[in-house]
Amino acid sequence: MIDNQRKNKIALMMIHFITLVVVLILALLLIDIFSRGLPYVNWHFLTGASKPFQAGGGIGMQLFNSFYLLILTMIISFPIALGAAIYLNQYAKQNWVTSVLRTSIEILSSLPSVVVGLFGFLLFVIQFGYGFSIISGALTLTVFNLPLLTRSIEDSLAGVDKAQLQGGLGLGLSKFETIIHIVVPAALPNIISGVILSAGRIFGEAAALIYTAGQSAPQLDFTDWNPFNAASPLNPMRPAETLAVHIWKINSEGIMPDVTQQSAGAAAVLLLAILLFNFLARFIGRRLFMKMTSAKAK
Amino acid sequence: MDNKLKQQLHTKSKTAKYEQRGKLASIMMLVLIMVVVLGIIGFILIKGTSMFFNDKIKISDFLFSTFWNPGGKTPTGNPAVGALPMIVGSFSVTLLAALVATPFAVGTAIYMTELSSKRGAGVLQVVTELLVGIPSVVYGFIGLTVVVPAVRHLFGGSGFGILAGTIVLFVMILPTIVSMTVDALKSVPNHYRQASLALGATQWQTIWKVVLRSASPGILTAVVFGMARAFGEALAVQMVIGNAALMPHNLVSPSATLTSVLTAGMGNTVMGSLQNNALWSLALLLLLMSLFFNLLIHLIGRKGAFKK
Amino acid sequence: MKNINTDEQYFYPFEANEPMAIATEALNVYYHDEYHAINDTSLQFKQNQITALIGASGSGKSTYLRSLNRMNDEVAKVTGTIDYHGVDINQPDIDVYEVRRRIGMVFQQPNPFAKSIYDNITFALKRRGITKKAALDEIVETSLKQAAVWDQLKDKLHQSALALSGGQQQRLCIARALAVKPEILLMDEPTSALDPVSTAQLEQTMKQLREQYTIIIVTHNMQQAARVSDYTVFFNAGQVVEYNKTNKIFTRPKIQLTDDYLSGNFG
């Protein structure tokens, strides 16, 4: 009996200790990145062009590319994921067809991003002839993003009271219009949280982009917004190194004289952006929910 | 009047057409996703096997030879397309990372579900979610600037190698395993715990013999998920492993994984060449492993009858 | 084949010239192809009357109600005819949306959409092409008045419907159903989620609605059936036991089983 009590005490202490270690690792990780990176972050760094062979470059183009790719990816993947989620949550019957469809989404979500990137390279860059370009990158990221986004939208739809759908049907509305106009808006706070969270994932993804959006960031002319001009930031056919790819690239090449400082700064910015996405996902979702229900807790 | 009504009820309304179109559109999206999945598997299967069909390489030369220099010859005159160093490298970092991460992850998860206050668990939850979100290049960068020098300092050598890769992957898969283990522990009904405590078991005995045991399929799934993530992780590993396609002779000698050779090499080869085809065969291996992990998770899920 | 109860059935003898809103002939409902929820049920519902369906839970009364406007399409197999002014609306080529517009439904739990009060009522109308603001405003006002909730809501039409009380929400749902101008209103235990005061008010409203609509209401509350309805149907185990005028069924039921149920001996 005494022995058991002692064992109990020791084991519980071990668990506390393990948790402490995990928390410390994480805390040190964040502290390390921010303390090393933030001192380099200033306006010049955030907007300037990178200089491969000299110190003192910036990450302006890469930052822009990351956001542009993110937005394009979302525009392409949201309708697909929404449609798929609607079908899975509202129409699919419990049978083998559904389970094949579900399994294929599961497989897609478990594929390493480098495999998805190589597929994008084969299909979009080579077969379709889009080359290393924004559009190749966005399509590849769409493939990468679809399974998780579909699942998060599906979960959001499942959270909506079935009575809402019944209400629409009872009025003589079709199932689909009730879903689109009633159920989806009711699920919107959670859908938006899911979209923003997946935005964070896209923003930090690099392996899928190395061979699709390319590893170079040509100087852009920020006065030219015609997407058909070569130097226009909006041109979807230009190669576009993103911030995440940039960090990998300069570290594996190691030519840049201030590579450590540059990457520390870039990593801090990347992390900051992702923390911001995380925060926004929570905040916007909650605010929207309160607004829609007139702040009446049920 | 009744005739008019009859006609109205028998004609397909705009609403009915809308429903048909909407339903069709939504299933098309799902089919599109399935086509993409089949496309990925198909493309990589074709490219990945072309080395065996077009270049007449024997599968055994690919899987079991330790010489990797596609286009060149081994000392015995065979084509040097041996992927064994990368296979060993990938499995080593994956298994070691899972081995180190599991006790930490399970311990933290136990703390979150069994010991801590609701608030403490909430804070840890947020922390793990944030960690899952940290991009792999950031982990790679930390690995390069913190872990590699530390390993070099402590164990000598260049610091690059399996050990550095393991440490980086350990931190990367930790949050994944923690959050899934938390779900598994939470799904153990509370009356299991109460019954055990009522029988006079200590809290630790309850956790060890009741909670962990009944949650074990879920925990196993979490660990396999973590391993799948580690096996497929490319850039973070590539930045710290040293990228030498040699059999690792110890934990601190520069070596390689499937993913690291792929990312580093794909840009330097010409499509259709043997050098390039060999890389696609590595990609195929990676894909097959990912499918295998998927299957494993399914099997565990089916076996672990205790659910919900 | 025959259940013992089938021998003991009573149907109120309607005259041939009495106007009927809807009638079923040999209606059967099966769940999952096997569970026989409704067995060969033939009933007529008189126009501008309130007919209550009562019975223990699981007796099939709600299933029967939901079959009338094809709300069971996706969950059950329904055979037999549903006669609506000479048209069998239980045929596959019938447009169910048109059916549901003409035969509206109010549910057990108030289920207003997560929209404003105004949008709750106008949404279905807009989807059907009515977009003129003046027309919509008028429909909102009349249907809220019919549901006897206009005075309470007229000043907050653009606030969220989810902020209303349960009773107000249910009235809004009634107004929403009335706005598409149905002929029949099916109500599935509409007061079960409401407090006694709201329930009494809603029953008052139903009596007023009878002037213009045919109402079929499922209720587990026998007193409610006695208070509001003109006719009452007693269901047991998927079959009709007794269909009679309400004042008769509650004072001198024709069937012993009805008497047992109403006096609380089972159910």
# chains A, B, ... in the order shown; residues from 1 in each chain; ligands from 1
$ residues_around --residues "range 76-81 of chain C" --least-positions-apart "3" --cutoff "9 Å" --atoms "only C-alpha atoms" --output "list in words"
Ala23, Thr24, Glu25, Ala26, Leu27, Asn28, Val29, Tyr30, Tyr31, His32, Asp33, Ile38, Asp40, Thr41, Ser42, Ser67, Arg70, Asn72, Asp73, Asp88, Ile89, Asn90 and Gln91 of chain C
$ write_last_selection --atoms "N, CA, C and O atoms" --output "CSV table (one decimal), in the first residue's frame"
chain,number,residue,atom,x,y,z
C,23,ALA,N,-56.9,14.0,-48.2
C,23,ALA,CA,-57.3,12.6,-47.7
C,23,ALA,C,-56.2,11.6,-48.1
C,23,ALA,O,-55.5,11.8,-49.1
C,24,THR,N,-56.0,10.6,-47.3
C,24,THR,CA,-55.1,9.5,-47.6
C,24,THR,C,-55.9,8.3,-47.8
C,24,THR,O,-56.9,8.0,-47.2
C,25,GLU,N,-55.3,7.4,-48.7
C,25,GLU,CA,-56.0,6.1,-49.0
C,25,GLU,C,-54.9,5.0,-48.9
C,25,GLU,O,-53.9,5.1,-49.6
C,26,ALA,N,-55.1,4.1,-48.0
C,26,ALA,CA,-54.2,3.0,-47.8
C,26,ALA,C,-52.8,3.5,-47.7
C,26,ALA,O,-51.9,2.9,-48.3
C,27,LEU,N,-52.5,4.4,-46.8
C,27,LEU,CA,-51.1,5.0,-46.7
C,27,LEU,C,-50.3,4.0,-45.8
C,27,LEU,O,-50.7,3.7,-44.7
C,28,ASN,N,-49.2,3.6,-46.3
C,28,ASN,CA,-48.2,2.8,-45.5
C,28,ASN,C,-46.9,3.5,-45.5
C,28,ASN,O,-46.4,4.1,-46.5
C,29,VAL,N,-46.2,3.5,-44.3
C,29,VAL,CA,-44.9,4.1,-44.2
C,29,VAL,C,-43.9,3.1,-43.6
C,29,VAL,O,-44.3,2.4,-42.6
C,30,TYR,N,-42.8,2.9,-44.3
C,30,TYR,CA,-41.8,2.0,-43.9
C,30,TYR,C,-40.5,2.7,-43.6
C,30,TYR,O,-40.1,3.5,-44.5
C,31,TYR,N,-39.8,2.5,-42.5
C,31,TYR,CA,-38.5,3.0,-42.3
C,31,TYR,C,-37.5,1.9,-42.6
C,31,TYR,O,-37.7,0.7,-42.2
C,32,HIS,N,-36.4,2.2,-43.3
C,32,HIS,CA,-35.4,1.3,-43.6
C,32,HIS,C,-35.9,0.0,-44.3
C,32,HIS,O,-35.5,-1.1,-44.0
C,33,ASP,N,-37.0,0.2,-45.1
C,33,ASP,CA,-37.6,-0.9,-45.8
C,33,ASP,C,-38.2,-2.0,-45.0
C,33,ASP,O,-38.7,-3.0,-45.5
C,38,ILE,N,-46.5,3.1,-40.3
C,38,ILE,CA,-47.9,3.4,-40.5
C,38,ILE,C,-48.5,2.3,-41.4
C,38,ILE,O,-48.0,1.9,-42.4
C,40,ASP,N,-51.6,1.0,-43.5
C,40,ASP,CA,-52.9,1.1,-44.2
C,40,ASP,C,-53.9,2.1,-43.7
C,40,ASP,O,-55.0,1.8,-43.3
C,41,THR,N,-53.4,3.4,-43.7
C,41,THR,CA,-54.2,4.4,-43.0
C,41,THR,C,-55.0,5.2,-44.1
C,41,THR,O,-54.4,5.8,-44.9
C,42,SER,N,-56.3,5.2,-43.9
C,42,SER,CA,-57.1,6.0,-44.8
C,42,SER,C,-57.9,7.0,-44.0
C,42,SER,O,-58.7,6.7,-43.2
C,67,SER,N,-45.8,12.7,-43.6
C,67,SER,CA,-45.9,12.1,-44.9
C,67,SER,C,-46.9,13.0,-45.8
C,67,SER,O,-46.8,13.0,-47.0
C,70,ARG,N,-44.9,15.2,-47.9
C,70,ARG,CA,-43.8,14.6,-48.4
C,70,ARG,C,-42.5,14.9,-47.7
C,70,ARG,O,-41.4,14.9,-48.3
C,72,ASN,N,-41.2,13.1,-45.5
C,72,ASN,CA,-40.6,11.9,-45.2
C,72,ASN,C,-39.8,11.3,-46.4
C,72,ASN,O,-39.3,10.2,-46.3
C,73,ASP,N,-39.8,12.0,-47.5
C,73,ASP,CA,-39.3,11.5,-48.7
C,73,ASP,C,-37.9,10.8,-48.5
C,73,ASP,O,-37.6,9.8,-49.1
C,88,ASP,N,-53.2,12.9,-56.9
C,88,ASP,CA,-52.5,12.1,-56.0
C,88,ASP,C,-51.1,12.7,-55.8
C,88,ASP,O,-50.3,12.5,-56.7
C,89,ILE,N,-50.8,13.3,-54.7
C,89,ILE,CA,-49.5,14.0,-54.6
C,89,ILE,C,-48.4,13.0,-54.1
C,89,ILE,O,-47.3,13.5,-53.8
C,90,ASN,N,-48.8,11.8,-53.9
C,90,ASN,CA,-47.7,10.8,-53.5
C,90,ASN,C,-47.1,10.1,-54.7
C,90,ASN,O,-46.7,9.0,-54.6
C,91,GLN,N,-47.1,10.8,-55.9
C,91,GLN,CA,-46.6,10.2,-57.1
C,91,GLN,C,-45.1,10.7,-57.3
C,91,GLN,O,-44.9,11.9,-56.9
$ interface_residues --of "chain C" --to "chain A" --cutoff "9 Å" --atoms "only C-alpha atoms" --output "PDB file with C-alpha atoms, in the first residue's frame"
ATOM      1  CA  ASN C  69     -46.445  17.062 -47.408  1.00  0.00           C
ATOM      2  CA  MET C  71     -41.327  15.556 -45.683  1.00  0.00           C
ATOM      3  CA  VAL C  96     -42.680  18.227 -53.885  1.00  0.00           C
ATOM      4  CA  TYR C  97     -41.719  21.889 -53.536  1.00  0.00           C
ATOM      5  CA  GLU C  98     -45.108  22.977 -54.874  1.00  0.00           C
ATOM      6  CA  VAL C  99     -46.752  20.469 -52.522  1.00  0.00           C
ATOM      7  CA  ARG C 100     -44.912  21.841 -49.508  1.00  0.00           C
ATOM      8  CA  ARG C 101     -45.749  25.397 -50.466  1.00  0.00           C
ATOM      9  CA  ARG C 102     -49.446  24.518 -50.455  1.00  0.00           C
ATOM     10  CA  ILE C 103     -49.179  22.329 -47.381  1.00  0.00           C
ATOM     11  CA  GLY C 104     -47.043  24.213 -44.886  1.00  0.00           C
ATOM     12  CA  MET C 105     -45.430  22.897 -41.761  1.00  0.00           C
ATOM     13  CA  VAL C 106     -44.651  24.146 -38.259  1.00  0.00           C
ATOM     14  CA  PHE C 107     -42.210  22.098 -36.224  1.00  0.00           C
ATOM     15  CA  GLN C 109     -38.875  23.136 -31.851  1.00  0.00           C
ATOM     16  CA  PRO C 110     -39.172  26.732 -33.028  1.00  0.00           C
ATOM     17  CA  ASN C 111     -36.619  26.897 -35.832  1.00  0.00           C
ATOM     18  CA  PRO C 112     -36.287  30.458 -37.063  1.00  0.00           C
ATOM     19  CA  PHE C 113     -33.405  30.990 -39.478  1.00  0.00           C
ATOM     20  CA  ALA C 114     -30.318  32.800 -38.193  1.00  0.00           C
ATOM     21  CA  LYS C 115     -31.535  35.943 -39.952  1.00  0.00           C
ATOM     22  CA  PHE C 123     -36.705  34.599 -47.624  1.00  0.00           C
ATOM     23  CA  ALA C 124     -38.906  31.947 -49.233  1.00  0.00           C
ATOM     24  CA  ARG C 127     -36.546  32.759 -53.651  1.00  0.00           C
ATOM     25  CA  ARG C 128     -39.835  32.456 -55.495  1.00  0.00           C
ATOM     26  CA  GLN C 159     -33.285  42.370 -35.466  1.00  0.00           C
ATOM     27  CA  SER C 160     -32.140  38.788 -35.289  1.00  0.00           C
ATOM     28  CA  ALA C 161     -34.928  36.261 -34.893  1.00  0.00           C
ATOM     29  CA  LEU C 162     -32.734  34.194 -32.591  1.00  0.00           C
ATOM     30  CA  ALA C 163     -33.018  36.849 -29.891  1.00  0.00           C
ATOM     31  CA  CYS C 173     -42.364  30.292 -37.700  1.00  0.00           C
ATOM     32  CA  ARG C 176     -43.202  32.376 -42.048  1.00  0.00           C
ATOM     33  CA  ALA C 177     -45.291  29.363 -43.082  1.00  0.00           C
ATOM     34  CA  VAL C 180     -46.139  31.531 -48.738  1.00  0.00           C
TER      35      VAL C 180
END
$ closest_residue --among "B:Glu114, B:Ile44, B:Tyr18, B:Arg229" --to "Thr206 in chain B" --atoms "only C-alpha atoms"
B:Glu114
$ closest_atom_pairs --of "chain A" --to "chain B" --cutoff "7 Å" --atoms "only C-alpha atoms" --output "tab-separated table"
residue	atom	partner	partner_atom	distance
A:Gln5	CA	B:Thr202	CA	6.9
A:Asn8	CA	B:Trp204	CA	5.0
A:Ala11	CA	B:Trp204	CA	6.6
A:Leu12	CA	B:Trp204	CA	6.8
A:Ile15	CA	B:Gly107	CA	5.2
A:His16	CA	B:Tyr111	CA	6.8
A:Ile18	CA	B:Phe104	CA	5.9
A:Thr19	CA	B:Thr108	CA	4.7
A:Ile80	CA	B:Met29	CA	5.2
A:Gly83	CA	B:Ser26	CA	4.1
A:Ala84	CA	B:Leu30	CA	4.5
A:Ile86	CA	B:Ser26	CA	6.5
A:Tyr87	CA	B:Ser26	CA	5.5
A:Leu101	CA	B:Met34	CA	6.5
A:Ser104	CA	B:Met34	CA	5.9
A:Ile107	CA	B:Asn294	CA	6.8
A:Leu108	CA	B:Val37	CA	6.1
A:Ser110	CA	B:Ser290	CA	6.8
A:Leu111	CA	B:Ser290	CA	6.1
A:Pro112	CA	B:Gly232	CA	4.6
A:Val114	CA	B:Ala234	CA	6.5
A:Val115	CA	B:Ala283	CA	6.6
A:Phe119	CA	B:Ile40	CA	5.8
A:Leu173	CA	B:Thr15	CA	6.8
A:Ser174	CA	B:Glu19	CA	5.6
A:Lys175	CA	B:Glu19	CA	6.5
A:Phe176	CA	B:Glu19	CA	5.3
A:Gly200	CA	B:Gly133	CA	6.9
A:Arg201	CA	B:Gly133	CA	6.4
A:Gly204	CA	B:Pro135	CA	4.7
A:Glu205	CA	B:Pro135	CA	6.4
A:Ala207	CA	B:Leu235	CA	6.3
A:Ala244	CA	B:Val137	CA	6.3
A:Ile247	CA	B:Val137	CA	6.7
A:Trp248	CA	B:Val137	CA	6.0
A:Ser252	CA	B:Met239	CA	6.7
A:Ala267	CA	B:Val138	CA	5.8
A:Leu271	CA	B:Ile134	CA	6.6
$ closest_atom_pairs --of "chain B" --to "chain C" --cutoff "9 Å" --atoms "only C-alpha atoms" --output "tab-separated table"
residue	atom	partner	partner_atom	distance
B:Asp2	CA	C:His85	CA	6.7
B:Leu5	CA	C:Val87	CA	8.0
B:Lys6	CA	C:Val87	CA	6.0
B:Gln8	CA	C:Glu98	CA	7.7
B:Leu9	CA	C:Asp95	CA	5.5
B:His10	CA	C:Ile94	CA	4.9
B:Thr11	CA	C:Asp95	CA	6.6
B:Lys12	CA	C:Asp95	CA	5.7
B:Ser13	CA	C:Asp95	CA	6.6
B:Lys14	CA	C:Arg128	CA	8.6
B:Thr15	CA	C:Tyr97	CA	6.9
B:Ala16	CA	C:Tyr97	CA	7.1
$ closest_residue --among "C:Ala226, C:Pro253, C:Ile117, C:Ala52" --to "Leu186 in chain C" --atoms "only C-alpha atoms"
C:Ala52
$ atom_distance --atom1 "CA of Ile121 in chain C" --atom2 "CA of Ala179 in chain C"
6.5 Å
$ residues_around --residues "Tyr40 in chain A" --least-positions-apart "6" --cutoff "8 Å" --atoms "only C-alpha atoms" --output "PyMOL selection string"
chain A and resi 261-262+264-265
$ select_by_dssp --residues "range 13-158 of chain B" --states "helix (DSSP H, G or I)" --output "JSON, numbers by chain"
{"B": [14, 15, 16, 17, 18, 19, 20, 21, 22, 23, 24, 25, 26, 27, 28, 29, 30, 31, 32, 33, 34, 35, 36, 37, 38, 39, 40, 41, 42, 43, 44, 45, 46, 47, 48, 49, 50, 51, 52, 53, 59, 60, 61, 62, 63, 64, 84, 85, 86, 87, 88, 89, 90, 91, 92, 93, 94, 95, 96, 97, 98, 99, 100, 101, 102, 103, 104, 105, 106, 107, 108, 109, 110, 111, 112, 113, 114, 115, 118, 119, 120, 121, 122, 123, 124, 125, 126, 127, 128, 129, 130, 131, 132, 133, 136, 137, 138, 139, 140, 141, 142, 143, 144, 145, 146, 147, 148, 149, 150, 151, 152, 153, 154, 155]}
$ atom_distance --atom1 "CA of Pro189 in chain B" --atom2 "CA of Lys118 in chain B"
17.3 Å
$ residues_around --residues "Gly82 in chain B" --least-positions-apart "3" --cutoff "10 Å" --atoms "only C-alpha atoms" --output "PyMOL selection string"
chain B and resi 59-70+74+78-79+85-87+245-246+278
$ closest_residue --among "A:Gly214, A:Gly56, A:Gly159, A:Gly37" --to "Gly137 in chain A" --atoms "only C-alpha atoms"
A:Gly214
$ residues_around --residues "Leu46 in chain A" --least-positions-apart "4" --cutoff "9 Å" --atoms "only C-alpha atoms" --output "PyMOL selection string"
chain A and resi 41-42+58-61+63+266+269
$ closest_residue --among "A:Ser232, A:Ser193, A:Asn251, A:Ser216" --to "Leu280 in chain A" --atoms "only C-alpha atoms"
A:Ser193
$ residues_around --residues "range 147-158 of chain A" --least-positions-apart "2" --cutoff "8 Å" --atoms "only C-alpha atoms" --output "MDAnalysis selection string"
chainID A and resid 78 81:82 84:86 88:89 105:106 108:109 143:145 160:161 183:184 187:188 190:191 194:195 198
